[in-house]
Amino acid sequence: MIGIVGYGGYIPRFRIKVEEIASVWNADAKAIKSGLNIEEKSVPSMDEDTATIAVEAALNALKMAEIDPKEIGAIYVGSESHPYAVKPTATIVGEAIGCGAEFTAADTEFACKAGTAGIQMVMGLIEGGYIKFGLAIGSDTAQSKPGDALEYTASAGGAAFILGKNNVIGEIEGTFSFSSDTPDFWRRDGIEYPSHGGRFTGIPAYFKHVVSATQGLMKKLGLKSSDFDHVVFHMPNGKFPINAAKMLGFDLEKLKAGFVVSKIGNTYSASSLLGLAAILDVAKPGQRILITSYGSGAGSDAFSIKVTDLVEEKRKKTKKIQDYIDDKEYVTYAHYTRLRRGI
Amino acid sequence: MKVAVIGIGVTKFGEHWDKNLRELAIEAGAKAIMDANIRGSDIDAIYLGNMSAGRFVGQEHVAALVSGELGLSIPAVRVEGACASGGIALREGIFSILSGQNDIVLVGGAEKMTDLMTDGVTTALMGAADQEWEAYYGLTFPSLYAMIARRHMFEFGTTREQMAKVAVKNHHNGSLNPIAQFNKEITVEEVLNSTMVADPLTLLDCSPITDGAAALILCKAELAKKYTDDPVYIIGSGQASDTLALHDRRSLTTLDATVKAAREAYKQAGITVKDIDVAEVHDCFTIAEIVATEDLGFCKKGEGGKLIDEGATELNGRIPINTSGGLKAVGHPVGATGIKQAVEIVLQLRGQAEKRQVKDANIGLTHNVGGSGATAVVHIFSR
Amino acid sequence: MGHESSVPLFWRLIKPRYQLIGTKCTSCGNVFYPPKFLCPVCRKEGKLEEIKLRKTGKILTFSIIRSAPAGFEKETPYPVAIIELDDGPKLTSQIVDYKEEDLKIGRRVEACFRRIYTDGKEGIINYGLKFRPA
């Protein structure tokens, strides 16, 4: 069965606290913190972008997979902040991790679910017998308009998954997607910051798609909420995934292991995947994990993953998500503004 | 070997807002021709040291430019070895005479740097380092020498105060030199407290951006007395190379090229370092003078800081170094520096160095470095 | 730097710069990075082959650049260092993700993938390896 051969994450070191951003806009930090259920978010360094983050995550995944990178037959990098509008991030990753040249590659874009879309593409290629291993990455350095509500959450991070058929640490039991044309969040070409539909991003957008995809997956696989030991939903803030879990009848404890949002913010294409990586860092063999992504515009991809015995040995080989969360340095809003302009 | 210097010429060094490259070069050349008491038509060839006219003013082909401006149609050759361009132009001029091809040659060095904005100059100068493996990563020349300084401090306990004393000494000498860019004395505190450029080097540890030109008239030794009663002779010339990139070198605190060039020059001249009365060494940064005094043999490796502390390199010291004020105070128009060093030594040996005159100066040395040490050239002068 | 350099100038060095690929002389056993085209020890008797170097090493010396060349102004102050790789060769690069006490001779570092500079607003983005405390 297709599964995860190796995974790796990367989170930039800088953090900015909600209080620091709120103080600049004379906003009520306490209300924002409880409203969004978030404390701080990651901030990329001036010389970090989606490609550099994707490379770091991919190298971590390779360390765990212990395969010859030249055996990777496909690379997909999902992001809504690719460094080039035209020119793939995926080939930068391929060159940096030493994949040789015999691989297919493309960048995907579907707001925050571009990474999980890549996983599905890799699954298809492996299942069809076209490739042996495939690499799917979700990576973002999310932009937000200064002063916008998004500024408290839009952050940076990446997660990479190498899929294959042998020596897997987690078997992918199935995937199910739910998509519709629901413009709740967008950025027109050539425009610096995204726009969003405010409260419209909630019920008809995030919740409808996350719930439908999850229910569809469970129906397809004949599973019920109690069959899962860990659950992760896309984390645009610290409130939405909790509400989604409640709607779907999951015990909130199951969200805990993958709940990275309050300490790093919304890493967009990496959000649910970093949550999955954090779960795999602690999950026990035999446990079942549900991951459901969400991308505005809109769609959700849900996956059921069964953890194998190999997880305990293989996950020792690379840096854990919690290590990245703990290794941090706070910046002021002034420093944040300088970092955001990049080089 | 023996080749005579019968004429010297140098412009004021500094920010010549009103003068272009050709005017500076012609001014120095004309002064040298007049000093030698020859006619322009007596010159057989021109060797011009210039590092980067193409980057600084967009002009290449500058040797022919100078020849044309002088109204001559003789062979004119540009010589480039970064900041050692002047020193190696001198060496090529010497060889052209020793080969028997030429009797009298004009050797010059010229650089016009202030027509470019400072970040452009910083970038252009990095052309002397390894573009692909140093400059690519945002390195600058001050940072390369700062890394030498940091390592020298680590290995030998050299102090920031000792580096600052180099700047203080050279500014003192510069205050006595009418062509110097800086005529102002400075203190150790001023050096230490000036703007940090590349830790641990501050602004006053660095040579400045300068316009200027210098020229020499070289003549076959046997013909020298025809033109002057007191020719100065060049009796030794050594040059050596090392890797362009600092990181590729055997040592980060010794410029092997300097050691090798000096050894060759001493051997040719039939002297030892003890015979040298006065020296102009390549102090593009204060640490560079400390390292040079060691590599040339004026003191043991690691004791360059001590040498400064003892005052041995001051005007009245055991071995006066950079009596002109050096690159630090006279300024550093990169391609001109090697020739300006020779002008100062000739003045010293002629006894014309006025307030900077070293007593009984009979043998002098010039030491010119390109890049962070990839090229070094040493010349020995004698009365 | 403006958008003026030709792309191949950077493109041809992508592999050694991204992956830390150097050369090893099979005659004398010396390892070189940056990669060489001729073994400077054996010259014509030498034979060079590619070698992927380990991305770890230590700081031999360093500085902090306060006055930057064109294209790097936004980053000041930024530390640079000469690093001795565990496989032997020495190289020059920037130090990132550091605390002040990390800037010292002998500090162990590891390579990370970063932007080096961008060729103007419209030109290509140049990537490569910088080093962070390990």
# chains A, B, ... in the order shown; residues from 1 in each chain; ligands from 1

$ interface_residues --of "chain C" --to "chain A" --cutoff "6 Å" --atoms "only C-alpha atoms" --output "count of residues only"
5

$ closest_atom_pairs --of "chain C" --to "chain B" --cutoff "7 Å" --atoms "only C-alpha atoms" --output "Markdown table"
| residue | atom | partner | partner_atom | distance |
| --- | --- | --- | --- | --- |
| C:Thr61 | CA | B:Met147 | CA | 5.4 |
| C:Phe62 | CA | B:Met147 | CA | 5.1 |
| C:Ser63 | CA | B:Asp199 | CA | 5.1 |
| C:Ile64 | CA | B:Ala198 | CA | 5.1 |
| C:Ile65 | CA | B:Ala198 | CA | 4.6 |
| C:Arg66 | CA | B:Val197 | CA | 5.1 |
| C:Ser67 | CA | B:Val197 | CA | 5.6 |
| C:Ala68 | CA | B:Thr140 | CA | 6.9 |
| C:Pro69 | CA | B:Asp119 | CA | 5.1 |
| C:Ala70 | CA | B:Asp119 | CA | 5.2 |
| C:Phe72 | CA | B:Gly138 | CA | 6.2 |
| C:Ile82 | CA | B:His247 | CA | 6.1 |
| C:Lys90 | CA | B:His247 | CA | 5.5 |
| C:Leu91 | CA | B:His247 | CA | 5.5 |
| C:Thr92 | CA | B:Glu134 | CA | 6.0 |
| C:Ser93 | CA | B:Tyr137 | CA | 5.6 |
| C:Gln94 | CA | B:Tyr137 | CA | 6.6 |
| C:Ile116 | CA | B:Tyr137 | CA | 6.3 |

$ residues_around --residues "range 111-122 of chain A" --least-positions-apart "6" --cutoff "6 Å" --atoms "only C-alpha atoms" --output "ChimeraX atom specification"
/A:76,78-80,134,136-138,268-269,293-296

$ write_last_selection --atoms "C-alpha atoms" --output "mmCIF file, in the first residue's frame"
data_model
loop_
_atom_site.group_PDB
_atom_site.id
_atom_site.type_symbol
_atom_site.label_atom_id
_atom_site.label_comp_id
_atom_site.auth_asym_id
_atom_site.auth_seq_id
_atom_site.Cartn_x
_atom_site.Cartn_y
_atom_site.Cartn_z
ATOM 1 C CA TYR A 76 5.273 18.875 -6.490
ATOM 2 C CA GLY A 78 2.294 23.548 -3.322
ATOM 3 C CA SER A 79 2.246 27.185 -2.291
ATOM 4 C CA GLU A 80 0.403 30.447 -2.694
ATOM 5 C CA GLY A 134 7.443 10.952 -5.181
ATOM 6 C CA ALA A 136 5.075 16.442 -2.255
ATOM 7 C CA ILE A 137 5.688 19.652 -0.363
ATOM 8 C CA GLY A 138 3.509 22.356 1.119
ATOM 9 C CA TYR A 268 -0.940 28.098 4.597
ATOM 10 C CA SER A 269 0.003 25.223 2.278
ATOM 11 C CA SER A 293 -6.752 20.212 4.389
ATOM 12 C CA TYR A 294 -8.627 23.249 3.218
ATOM 13 C CA GLY A 295 -7.842 25.599 0.376
ATOM 14 C CA SER A 296 -9.875 28.695 -0.261
#

$ residues_around --residues "Pro40 in chain C" --least-positions-apart "2" --cutoff "12 Å" --atoms "only C-alpha atoms" --output "ChimeraX atom specification"
/B:242-243,248 /C:23-25,27-32,35-38,42-48

$ select_by_dssp --residues "chain C" --states "alpha helix (DSSP H)" --output "PyMOL selection string"
chain C and resi 8-11+14-19

$ select_by_dssp --residues "range 131-370 of chain B" --states "strand (DSSP E)" --output "number ranges by chain"
B: 196-198, 201-202, 212-220, 232-241, 278-280, 363-370

$ write_last_selection --atoms "C-alpha atoms" --output "compact mmCIF listing (two decimals), in the first residue's frame"
# COMPACT_ATOMS: atom_id res chain seq x y z
CA MET B 196 32.43 50.00 12.22
CA VAL B 197 32.85 48.85 8.62
CA ALA B 198 33.53 45.13 9.01
CA LEU B 201 37.84 47.00 11.39
CA THR B 202 36.51 50.54 11.64
CA GLY B 212 45.32 59.86 -8.32
CA ALA B 213 48.19 58.98 -10.61
CA ALA B 214 51.95 58.50 -10.34
CA ALA B 215 54.72 57.95 -12.86
CA LEU B 216 58.38 56.98 -13.08
CA ILE B 217 60.89 57.31 -15.88
CA LEU B 218 63.04 54.18 -15.99
CA CYS B 219 66.32 54.15 -17.83
CA LYS B 220 68.98 51.61 -18.66
CA VAL B 232 68.25 55.79 -7.88
CA TYR B 233 68.65 52.18 -8.94
CA ILE B 234 66.22 49.30 -8.71
CA ILE B 235 68.34 46.33 -7.73
CA GLY B 236 65.77 43.67 -6.93
CA SER B 237 62.31 42.72 -8.08
CA GLY B 238 60.20 39.82 -6.86
CA GLN B 239 56.65 38.84 -7.59
CA ALA B 240 54.50 35.89 -6.58
CA SER B 241 50.92 34.72 -6.71
CA VAL B 278 62.99 52.62 4.66
CA ALA B 279 59.95 50.76 3.30
CA GLU B 280 56.59 51.48 1.75
CA ILE B 363 68.28 51.13 0.54
CA GLY B 364 64.51 51.19 0.29
CA LEU B 365 61.72 48.68 -0.34
CA THR B 366 58.27 48.81 -1.86
CA HIS B 367 55.65 46.14 -1.28
CA ASN B 368 52.45 46.14 -3.30
CA VAL B 369 49.60 43.62 -2.90
CA GLY B 370 46.71 42.72 -5.17

$ atom_distance --atom1 "CA of Ala58 in chain A" --atom2 "CA of Tyr206 in chain A"
28.1 Å

$ closest_residue --among "B:Ala224, B:Ile209, B:Ile46, B:Leu327" --to "Met113 in chain B" --atoms "only C-alpha atoms"
B:Ile209

$ atom_distance --atom1 "CA of Ser271 in chain A" --atom2 "CA of Ser155 in chain A"
9.5 Å

$ residues_around --residues "Pro208 in chain B" --least-positions-apart "6" --cutoff "10 Å" --atoms "only C-alpha atoms" --output "PyMOL selection string"
chain B and resi 14-15+181-182+284-285+327-333

$ write_last_selection --atoms "N, CA and C atoms" --output "compact mmCIF listing (two decimals), in the first residue's frame"
# COMPACT_ATOMS: atom_id res chain seq x y z
N GLY B 14 43.49 62.26 -3.79
CA GLY B 14 42.28 62.70 -3.08
C GLY B 14 41.06 62.61 -3.97
N GLU B 15 40.05 63.42 -3.64
CA GLU B 15 38.83 63.42 -4.44
C GLU B 15 38.94 64.54 -5.46
N GLN B 181 45.98 62.49 0.83
CA GLN B 181 44.55 62.78 0.90
C GLN B 181 44.18 63.31 2.29
N PHE B 182 44.79 62.70 3.31
CA PHE B 182 44.51 63.14 4.68
C PHE B 182 45.76 63.76 5.30
N CYS B 284 46.53 48.63 2.89
CA CYS B 284 45.16 48.93 2.48
C CYS B 284 44.24 48.93 3.70
N PHE B 285 44.60 48.10 4.70
CA PHE B 285 43.94 48.11 6.01
C PHE B 285 45.06 48.03 7.04
N LEU B 327 48.97 53.82 2.16
CA LEU B 327 47.68 53.84 1.47
C LEU B 327 46.64 54.47 2.39
N LYS B 328 46.86 54.28 3.68
CA LYS B 328 45.93 54.75 4.70
C LYS B 328 45.73 56.26 4.64
N ALA B 329 46.83 57.04 4.65
CA ALA B 329 46.69 58.49 4.73
C ALA B 329 46.87 59.18 3.38
N VAL B 330 47.74 58.64 2.51
CA VAL B 330 47.93 59.27 1.20
C VAL B 330 46.73 58.96 0.31
N GLY B 331 46.08 57.85 0.57
CA GLY B 331 44.95 57.42 -0.25
C GLY B 331 45.37 56.26 -1.12
N HIS B 332 44.36 55.60 -1.70
CA HIS B 332 44.63 54.35 -2.42
C HIS B 332 43.90 54.30 -3.76
N PRO B 333 44.39 55.11 -4.73
CA PRO B 333 43.86 54.96 -6.09
C PRO B 333 44.48 53.67 -6.64

$ closest_residue --among "A:Ser180, A:Asn60, A:Ser195, A:Gln143" --to "Ala159 in chain A" --atoms "only C-alpha atoms"
A:Asn60

$ residues_around --residues "Asn167 in chain A" --least-positions-apart "3" --cutoff "12 Å" --atoms "only C-alpha atoms" --output "list in words"
Met1, Ile2, Gly3, Ile4, Val5, Gly6, Met64, Ala65, Glu66, Ile67, Phe133, Ile162, Leu163, Gly164, Gly170, Glu171, Val307, Thr308, Asp309, Leu310, Val311, Glu313 and Lys314 of chain A

$ decode --residues "range 31-52 of chain B" --atoms "C-alpha atoms" --output "PDB file, in the first residue's frame"
ATOM      1  CA  LYS B  31      55.866  65.729 -14.108  1.00  0.00           C
ATOM      2  CA  ALA B  32      58.026  62.604 -14.396  1.00  0.00           C
ATOM      3  CA  ILE B  33      59.222  63.564 -17.879  1.00  0.00           C
ATOM      4  CA  MET B  34      60.193  67.028 -16.649  1.00  0.00           C
ATOM      5  CA  ASP B  35      61.841  65.624 -13.527  1.00  0.00           C
ATOM      6  CA  ALA B  36      63.927  63.296 -15.729  1.00  0.00           C
ATOM      7  CA  ASN B  37      64.892  66.176 -17.959  1.00  0.00           C
ATOM      8  CA  ILE B  38      64.088  64.178 -21.086  1.00  0.00           C
ATOM      9  CA  ARG B  39      61.810  64.868 -24.032  1.00  0.00           C
ATOM     10  CA  GLY B  40      58.677  62.849 -24.610  1.00  0.00           C
ATOM     11  CA  SER B  41      60.133  61.543 -27.822  1.00  0.00           C
ATOM     12  CA  ASP B  42      62.927  59.883 -25.816  1.00  0.00           C
ATOM     13  CA  ILE B  43      60.433  57.389 -24.361  1.00  0.00           C
ATOM     14  CA  ASP B  44      60.396  53.956 -25.994  1.00  0.00           C
ATOM     15  CA  ALA B  45      57.331  52.431 -24.321  1.00  0.00           C
ATOM     16  CA  ILE B  46      54.642  52.969 -21.681  1.00  0.00           C
ATOM     17  CA  TYR B  47      53.554  50.510 -18.996  1.00  0.00           C
ATOM     18  CA  LEU B  48      50.427  51.625 -17.173  1.00  0.00           C
ATOM     19  CA  GLY B  49      49.045  50.058 -14.032  1.00  0.00           C
ATOM     20  CA  ASN B  50      45.274  50.362 -13.859  1.00  0.00           C
ATOM     21  CA  MET B  51      42.876  48.069 -12.091  1.00  0.00           C
ATOM     22  CA  SER B  52      39.396  48.838 -13.230  1.00  0.00           C
TER      23      SER B  52
END
